[in-house]
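**Q** protein21.tsv is reproduced in full below (TSV, C-alpha atoms).
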```tsv
chain	number	residue	atom	x	y	z
A	1	MET	CA	3.13	6.68	10.82
A	2	ASN	CA	3.75	8.02	7.36
A	3	TYR	CA	1.35	5.94	5.30
A	4	GLU	CA	1.51	8.30	2.34
A	5	LYS	CA	5.24	7.67	1.99
A	6	VAL	CA	4.67	3.89	1.93
A	7	ILE	CA	1.84	4.21	-0.63
A	8	ILE	CA	3.88	6.42	-2.96
A	9	SER	CA	6.95	4.22	-2.60
A	10	THR	CA	4.91	1.11	-3.45
A	11	LEU	CA	3.27	2.67	-6.50
A	12	ASP	CA	6.66	3.94	-7.67
A	13	SER	CA	8.12	0.45	-7.20
A	14	PHE	CA	5.45	-0.85	-9.56
A	15	GLY	CA	6.55	1.77	-12.09
A	16	VAL	CA	3.25	3.64	-12.07
A	17	ASN	CA	3.60	6.96	-13.84
A	18	ARG	CA	2.83	9.87	-11.52
A	19	SER	CA	1.37	11.84	-14.41
A	20	TYR	CA	-1.72	9.59	-14.39
A	21	THR	CA	-4.62	11.38	-12.75
A	22	GLY	CA	-5.56	8.14	-11.01
A	23	TYR	CA	-2.24	8.15	-9.15
A	24	ASP	CA	-3.41	10.93	-6.85
A	25	TYR	CA	-6.83	9.32	-6.56
A	26	VAL	CA	-5.30	6.04	-5.37
A	27	VAL	CA	-3.02	7.76	-2.86
A	28	HIS	CA	-5.84	9.91	-1.47
A	29	GLY	CA	-8.27	6.98	-1.48
A	30	LEU	CA	-5.90	4.73	0.45
A	31	LEU	CA	-5.32	7.47	3.01
A	32	LEU	CA	-9.10	7.80	3.43
A	33	ILE	CA	-9.39	4.03	3.87
A	34	ILE	CA	-6.59	4.06	6.45
A	35	ASP	CA	-8.48	6.80	8.26
A	36	ASN	CA	-11.73	4.77	8.18
A	37	ARG	CA	-11.59	1.17	6.94
A	38	ASN	CA	-15.39	1.10	6.52
A	39	ARG	CA	-14.97	3.17	3.36
A	40	LEU	CA	-13.66	0.02	1.71
A	41	ASP	CA	-17.01	-1.73	2.15
A	42	CYS	CA	-18.86	0.46	-0.33
A	43	ILE	CA	-16.39	2.26	-2.51
A	44	THR	CA	-18.94	3.43	-5.09
A	45	LYS	CA	-21.24	5.14	-2.59
A	46	THR	CA	-18.64	6.63	-0.27
A	47	LEU	CA	-15.00	6.41	-1.32
A	48	TYR	CA	-15.35	7.49	-4.96
A	49	LEU	CA	-17.62	10.35	-3.91
A	50	ASP	CA	-15.16	11.54	-1.25
A	51	ILE	CA	-12.25	11.43	-3.71
A	52	ALA	CA	-14.31	13.14	-6.41
A	53	SER	CA	-15.29	15.88	-4.00
A	54	HIS	CA	-11.69	16.44	-2.96
A	55	PHE	CA	-10.43	16.67	-6.55
A	56	HIS	CA	-13.52	18.49	-7.93
A	57	THR	CA	-14.46	15.79	-10.44
A	58	SER	CA	-17.10	13.08	-10.88
A	59	TRP	CA	-17.11	9.67	-9.26
A	60	ASN	CA	-17.13	8.07	-12.75
A	61	CYS	CA	-13.86	9.82	-13.54
A	62	VAL	CA	-12.35	8.59	-10.26
A	63	GLU	CA	-13.39	5.01	-10.96
A	64	LYS	CA	-12.05	5.04	-14.53
A	65	ASN	CA	-8.73	6.64	-13.62
A	66	MET	CA	-8.21	4.28	-10.70
A	67	ARG	CA	-8.83	1.38	-13.08
A	68	THR	CA	-5.98	2.73	-15.23
A	69	ILE	CA	-3.65	2.57	-12.22
A	70	VAL	CA	-4.78	-0.98	-11.40
A	71	THR	CA	-4.00	-2.01	-14.98
A	72	SER	CA	-0.61	-0.31	-14.84
A	73	VAL	CA	0.25	-2.07	-11.58
A	74	TRP	CA	-1.01	-5.43	-12.82
A	75	ASN	CA	1.13	-5.15	-15.98
A	76	SER	CA	4.17	-4.19	-13.91
A	77	HIS	CA	7.37	-6.13	-14.39
A	78	ASN	CA	8.03	-6.17	-10.65
A	79	ALA	CA	6.93	-9.80	-10.21
A	80	GLU	CA	8.25	-10.09	-6.68
A	81	LEU	CA	6.26	-7.12	-5.42
A	82	LEU	CA	3.15	-8.28	-7.30
A	83	GLU	CA	3.46	-11.62	-5.56
A	84	THR	CA	3.97	-9.97	-2.17
A	85	VAL	CA	1.08	-7.52	-2.44
A	86	PHE	CA	-1.47	-9.42	-4.54
A	87	ASN	CA	-0.41	-13.07	-4.40
A	88	LYS	CA	-0.48	-12.85	-8.20
A	89	SER	CA	0.51	-16.47	-8.83
A	90	ASN	CA	-2.90	-17.55	-7.52
A	91	ARG	CA	-4.78	-15.04	-9.71
A	92	ASN	CA	-5.18	-14.92	-13.46
A	93	LYS	CA	-7.29	-11.76	-13.75
A	94	LYS	CA	-6.34	-8.31	-12.59
A	95	PRO	CA	-8.16	-7.28	-9.41
A	96	THR	CA	-11.16	-4.99	-9.34
A	97	ASN	CA	-10.63	-1.51	-7.93
A	98	LYS	CA	-12.09	-2.67	-4.62
A	99	ALA	CA	-9.84	-5.74	-4.43
A	100	PHE	CA	-6.84	-3.65	-5.47
A	101	LEU	CA	-7.51	-1.13	-2.68
A	102	ARG	CA	-8.03	-3.93	-0.15
A	103	TYR	CA	-4.71	-5.60	-1.06
A	104	MET	CA	-2.88	-2.29	-1.09
A	105	TYR	CA	-4.42	-1.30	2.26
A	106	ASP	CA	-3.27	-4.56	3.87
A	107	TYR	CA	0.21	-4.21	2.38
A	108	VAL	CA	0.61	-0.55	3.40
A	109	ILE	CA	-0.48	-1.25	6.98
A	110	ARG	CA	1.93	-4.21	7.28
A	111	THR	CA	4.81	-2.29	5.74
A	112	ALA	CA	4.25	0.82	7.85
A	113	GLU	CA	4.13	-1.27	11.05
A	114	ASP	CA	7.32	-3.13	10.08
A	115	THR	CA	9.06	0.15	9.27
A	116	GLN	CA	7.99	1.69	12.56
A	117	ALA	CA	9.22	-1.37	14.48
A	118	GLU	CA	12.57	-1.21	12.65
A	119	GLU	CA	12.94	2.45	13.49
A	120	ARG	CA	12.36	1.70	17.18
A	121	CYS	CA	14.98	-1.02	17.08
A	122	ILE	CA	18.39	0.02	18.35
A	123	PRO	CA	21.28	-0.83	15.99
A	124	VAL	CA	23.37	-3.54	17.61
A	125	PRO	CA	27.09	-3.64	16.79
A	126	CYS	CA	28.60	-7.02	16.05
A	127	PRO	CA	31.08	-8.02	18.78
A	128	LEU	CA	33.56	-9.27	16.14
A	129	SER	CA	33.47	-6.67	13.36
A	130	ASN	CA	32.09	-3.73	15.38
A	131	GLU	CA	29.68	-3.00	12.46
A	132	CYS	CA	25.89	-2.93	12.67
A	133	CYS	CA	24.75	-6.53	12.74
A	134	GLY	CA	21.65	-7.34	10.69
A	135	SER	CA	21.03	-10.63	12.49
A	136	LEU	CA	21.09	-9.01	15.91
A	137	ARG	CA	18.89	-6.19	14.57
A	138	PHE	CA	16.40	-8.80	13.31
A	139	TYR	CA	16.52	-10.48	16.73
A	140	CYS	CA	15.83	-7.12	18.37
A	141	LEU	CA	12.91	-6.54	15.99
A	142	ARG	CA	11.43	-9.97	16.80
A	143	GLN	CA	11.80	-9.34	20.53
A	144	SER	CA	10.00	-6.00	20.25
A	145	ARG	CA	7.09	-7.72	18.48
A	146	ILE	CA	6.89	-10.37	21.20
A	147	ILE	CA	6.83	-7.69	23.91
A	148	GLU	CA	4.05	-5.77	22.13
```
Could you quickly redo this structure as structure tokens?
**A**
Amino acid sequence: MNYEKVIISTLDSFGVNRSYTGYDYVVHGLLLIIDNRNRLDCITKTLYLDIASHFHTSWNCVEKNMRTIVTSVWNSHNAELLETVFNKSNRNKKPTNKAFLRYMYDYVIRTAEDTQAEERCIPVPCPLSNECCGSLRFYCLRQSRIIE
């Protein structure tokens, strides 16, 4: 699965500026978490150090720049995506870096699995219009999940 594509697409949908140093830190950090979810349990002692080592910087710099990305996402005007990823309506404060990474991890995994299932699904032409039928495609997707 192409998790990096989903992560970048999500950050772009929030309107996060790619020129922020923290952008690359978040992408790399989420890929490390996807590789080993245990990194999420102690981000200060493992994750920040791994990211800092990769980018030749300090863990303090990683933490600060990731916080900038969290703030940028939280102030995003994409309310629907904020609700989907972070359940924002039930939260008043922006998430911590750890909570942000946890929510993003869950969202990326769900989205990547849904995308992969959709790609496996065979387009089904509508018997009336002979065009690809979204309802039948959704039915096919549901059936593939039941079989799995």
**Q** So how many Å separate CA of Val16 in chain A and CA of Ser76 in chain A, to one decimal?
**A**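 Calculated distance between CA of Val16 in chain A and CA of Ser76 in chain A is 8.1 Å.
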**Q** Expressed in Å to a single decimal, how great is the separation between CA of Tyr105 in chain A and CA of Tyr20 in chain A?
**A**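 CA of Tyr20 in chain A lies at a distance of 20.1 Å from CA of Tyr105 in chain A.
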**Q** Quick one: residues within 12 Å of (-16.7, 8.2, -0.5) (file frame), counting all atoms listed in the file, please, as a PyMOL selection string.
**A** chain A and resi 25+28-33+36-54+58-59+62-63
**Q** Can you tell me how far CA of Asn92 in chain A sits from CA of Ala112 in chain A, in Å to one decimal?
**A**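 CA of Ala112 in chain A lies 28.1 Å from CA of Asn92 in chain A.
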**Q** Which residue, A:Glu113, A:Asp106, A:Asp12, A:Glu4, has the smallest gap to Val73 in chain A when you use all atoms listed in the file?
**A**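 Smallest distance to Val73 in chain A is found for A:Asp12.
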**Q** Of the residues A:Thr111, A:Thr57, A:Asn97, A:Ser9, which is the one nearest to Val70 in chain A, using all atoms listed in the file?
**A**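 Going through A:Thr111, A:Thr57, A:Asn97, A:Ser9 one by one, the smallest distance to Val70 in chain A is for A:Asn97.
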**Q** Find, counting all atoms listed in the file, the residue in A:Val27, A:Ala79, A:Ile8, A:Met66 that gets nearest to Ala99 in chain A.
**A** A:Met66
**Q** Using only C-alpha atoms, list the residues that have an atom at most 10 Å from (2.2, 0.0, -8.2), coordinates as in the file, as a PyMOL selection string.
**A** chain A and resi 7-17+23+69-76+78+81-82+85+104
